[in-house]
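S.K.: Handing you a structure now.
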Amino acid sequence: MDFLATALSTGALNSPVGALSLFFALVIGHAICDFPLQGPFLAAGKNRNIKMPDPEGDPFPGNLWAYCLTAHSLVHSGMVWIVTGSALFALIEFICHWAIDFGKCEKWTNFAGDQAFHILCKVGFTVAIYFGVGA
C-alpha cells in the first residue's frame with residue numbers, strides 16, 4: 001500500500017504502470033472482500049430470497065437481507081477507499097456493489113456476470129484516476 005499512497009500523492013498513477021498497479025490492487029481488494037471477508041452468513045443473508053434460520057430459534061427480521069447486503073457493500077466500499085484514497089469512489093462502489101449483488105440475488109445475472117460488473121467498476125475507477133478525475 002505504500003506504493004499506492006505515494007503514487008496517489010505524486011501523480012505516478014498517470015503512467016500506464018501506475019494505473020495497472022492501481023487496477024491490480026483494486027482487484028486484489030475485491031477478491032479479499034468478496035471471498036474470505038464475506039463468509040457464509042453474509043453470502044446467504046444478503047439474498048432476500050433465502051430465509052435465514054436462527055440458531056437460537058428466534059426468527060431473524062424479514063429485512064435482515066438489507067442489513068447483510070449493506071454490510072457486505074460497506075466492506076467493499078472501505079477497501080476502495082483504502083486503495084484509492086477517495087471517499088467519492090468509495091460511495092460509488094457502495095452503491096454499485098449493492099445494486100450488482102442485489103441483481104445477482106434476484107437472478108438477473110449469474111456469478112460470472114456479477115464478477116464482470118464488479119471488475120468493470122474497478123476499471124472505471126482506474127481510468128478516472130489515470131485521467132485525474134475524482135481522486
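If you're wondering about the labels, chains in the C-alpha cells are A, B, ... by order shown, residues count from 1 in each chain, ligands from 1 in order shown.
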Find the residues around stretch 77-94 of chain A up to 10 Å (only C-alpha atoms counted), leave out those fewer than 2 positions away in its own chain, and share them as an MDAnalysis selection string.
M.R.: chainID A and resid 1 4:5 7:9 22:23 25:30 32:33 70:75 96:99 118 121:122 124:126 128:129 134:135
S.K.: Go ahead and write the selection's residues with N, CA and C atoms as a JSON list (two decimals), in the first residue's frame.
M.R.:
[["chain", "number", "residue", "atom", "x", "y", "z"],
["A", 1, "MET", "N", 0.81, -1.19, 0.00],
["A", 1, "MET", "CA", 0.00, 0.00, 0.00],
["A", 1, "MET", "C", 0.86, 1.26, 0.00],
["A", 4, "LEU", "N", 0.98, 2.64, -3.47],
["A", 4, "LEU", "CA", -0.24, 3.32, -3.88],
["A", 4, "LEU", "C", -0.38, 4.67, -3.22],
["A", 5, "ALA", "N", -0.06, 4.76, -1.93],
["A", 5, "ALA", "CA", -0.14, 6.05, -1.25],
["A", 5, "ALA", "C", 0.80, 7.06, -1.88],
["A", 7, "ALA", "N", 2.05, 6.87, -4.94],
["A", 7, "ALA", "CA", 1.61, 7.10, -6.32],
["A", 7, "ALA", "C", 0.44, 8.07, -6.37],
["A", 8, "LEU", "N", -0.50, 7.91, -5.44],
["A", 8, "LEU", "CA", -1.65, 8.81, -5.42],
["A", 8, "LEU", "C", -1.22, 10.24, -5.10],
["A", 9, "SER", "N", -0.28, 10.40, -4.20],
["A", 9, "SER", "CA", 0.12, 11.74, -3.78],
["A", 9, "SER", "C", 1.06, 12.42, -4.76],
["A", 22, "LEU", "N", -2.64, 0.15, -9.74],
["A", 22, "LEU", "CA", -3.86, 0.52, -9.04],
["A", 22, "LEU", "C", -4.97, -0.49, -9.35],
["A", 23, "PHE", "N", -5.14, -0.82, -10.61],
["A", 23, "PHE", "CA", -6.17, -1.79, -11.00],
["A", 23, "PHE", "C", -5.93, -3.13, -10.31],
["A", 25, "ALA", "N", -4.37, -3.69, -7.50],
["A", 25, "ALA", "CA", -4.68, -3.55, -6.07],
["A", 25, "ALA", "C", -6.20, -3.56, -5.84],
["A", 26, "LEU", "N", -6.95, -2.90, -6.72],
["A", 26, "LEU", "CA", -8.41, -2.90, -6.59],
["A", 26, "LEU", "C", -9.00, -4.30, -6.77],
["A", 27, "VAL", "N", -8.46, -5.06, -7.72],
["A", 27, "VAL", "CA", -8.96, -6.42, -7.96],
["A", 27, "VAL", "C", -8.59, -7.33, -6.79],
["A", 28, "ILE", "N", -7.39, -7.18, -6.27],
["A", 28, "ILE", "CA", -7.00, -7.96, -5.08],
["A", 28, "ILE", "C", -7.93, -7.61, -3.92],
["A", 29, "GLY", "N", -8.18, -6.34, -3.72],
["A", 29, "GLY", "CA", -9.10, -5.93, -2.66],
["A", 29, "GLY", "C", -10.49, -6.52, -2.85],
["A", 30, "HIS", "N", -10.95, -6.52, -4.09],
["A", 30, "HIS", "CA", -12.25, -7.11, -4.39],
["A", 30, "HIS", "C", -12.27, -8.60, -4.03],
["A", 32, "ILE", "N", -10.44, -10.20, -1.88],
["A", 32, "ILE", "CA", -10.39, -10.36, -0.43],
["A", 32, "ILE", "C", -11.77, -10.11, 0.19],
["A", 33, "CYS", "N", -12.43, -9.05, -0.27],
["A", 33, "CYS", "CA", -13.74, -8.69, 0.30],
["A", 33, "CYS", "C", -14.85, -9.63, -0.12],
["A", 70, "THR", "N", -26.03, -4.50, 2.83],
["A", 70, "THR", "CA", -25.41, -3.20, 3.12],
["A", 70, "THR", "C", -24.05, -3.38, 3.79],
["A", 71, "ALA", "N", -23.96, -4.29, 4.76],
["A", 71, "ALA", "CA", -22.69, -4.54, 5.43],
["A", 71, "ALA", "C", -21.64, -5.04, 4.44],
["A", 72, "HIS", "N", -22.03, -5.98, 3.59],
["A", 72, "HIS", "CA", -21.10, -6.51, 2.59],
["A", 72, "HIS", "C", -20.63, -5.40, 1.64],
["A", 73, "SER", "N", -21.54, -4.57, 1.22],
["A", 73, "SER", "CA", -21.19, -3.48, 0.30],
["A", 73, "SER", "C", -20.30, -2.44, 0.99],
["A", 74, "LEU", "N", -20.52, -2.21, 2.28],
["A", 74, "LEU", "CA", -19.66, -1.29, 3.03],
["A", 74, "LEU", "C", -18.23, -1.82, 3.14],
["A", 75, "VAL", "N", -18.08, -3.13, 3.30],
["A", 75, "VAL", "CA", -16.74, -3.71, 3.34],
["A", 75, "VAL", "C", -16.01, -3.42, 2.03],
["A", 96, "CYS", "N", -22.87, 0.85, -6.33],
["A", 96, "CYS", "CA", -22.77, -0.13, -7.42],
["A", 96, "CYS", "C", -22.73, -1.55, -6.88],
["A", 97, "HIS", "N", -21.95, -1.78, -5.82],
["A", 97, "HIS", "CA", -21.84, -3.14, -5.30],
["A", 97, "HIS", "C", -23.18, -3.62, -4.77],
["A", 98, "TRP", "N", -23.88, -2.74, -4.08],
["A", 98, "TRP", "CA", -25.20, -3.09, -3.55],
["A", 98, "TRP", "C", -26.14, -3.48, -4.69],
["A", 99, "ALA", "N", -26.17, -2.65, -5.72],
["A", 99, "ALA", "CA", -27.08, -2.90, -6.86],
["A", 99, "ALA", "C", -26.71, -4.17, -7.62],
["A", 118, "HIS", "N", -18.49, -6.10, -11.31],
["A", 118, "HIS", "CA", -17.63, -5.58, -10.24],
["A", 118, "HIS", "C", -16.26, -5.15, -10.80],
["A", 121, "CYS", "N", -16.36, -1.89, -12.60],
["A", 121, "CYS", "CA", -16.30, -0.75, -11.68],
["A", 121, "CYS", "C", -14.85, -0.39, -11.37],
["A", 122, "LYS", "N", -14.04, -1.42, -11.14],
["A", 122, "LYS", "CA", -12.62, -1.17, -10.83],
["A", 122, "LYS", "C", -11.91, -0.56, -12.04],
["A", 124, "GLY", "N", -13.37, 1.39, -14.18],
["A", 124, "GLY", "CA", -13.82, 2.78, -14.18],
["A", 124, "GLY", "C", -13.05, 3.64, -13.20],
["A", 125, "PHE", "N", -12.81, 3.14, -11.99],
["A", 125, "PHE", "CA", -12.04, 3.91, -11.00],
["A", 125, "PHE", "C", -10.62, 4.15, -11.51],
["A", 126, "THR", "N", -10.03, 3.10, -12.08],
["A", 126, "THR", "CA", -8.65, 3.21, -12.57],
["A", 126, "THR", "C", -8.56, 4.23, -13.70],
["A", 128, "ALA", "N", -10.61, 6.70, -14.33],
["A", 128, "ALA", "CA", -10.87, 8.04, -13.79],
["A", 128, "ALA", "C", -9.64, 8.61, -13.11],
["A", 129, "ILE", "N", -8.96, 7.80, -12.30],
["A", 129, "ILE", "CA", -7.76, 8.27, -11.62],
["A", 129, "ILE", "C", -6.64, 8.53, -12.61],
["A", 134, "GLY", "N", -11.79, 12.75, -10.01],
["A", 134, "GLY", "CA", -12.42, 12.19, -8.82],
["A", 134, "GLY", "C", -11.53, 11.67, -7.72],
["A", 135, "ALA", "N", -10.23, 11.69, -7.86],
["A", 135, "ALA", "CA", -9.38, 11.14, -6.80],
["A", 135, "ALA", "C", -9.11, 12.16, -5.72]]
S.K.: Would you mind listing what lies within 12 Å of A:Ile50 as a PyMOL selection string, with only C-alpha atoms counted and same-chain residues fewer than 2 positions away left out?
M.R.: chain A and resi 41-48+52-53+60+62-65+68+105-106
S.K.: Out of A:Phe102, A:Phe131, A:Phe117, A:Phe111, which residue has the shortest atom-to-atom distance to A:Ser15 when counting only C-alpha atoms?
M.R.: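 Closest to A:Ser15, using only C-alpha atoms: A:Phe131.
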S.K.: Distance atom CA of A:Ser21-atom CA of A:His76, one decimal place?
M.R.: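 One can read the atom CA of A:Ser21 to atom CA of A:His76 distance as 18.3 Å.
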S.K.: What does the structure give for the distance between atom CA of A:Lys107 and atom CA of A:Asn49, in Å to one decimal?
M.R.: 10.2 Å
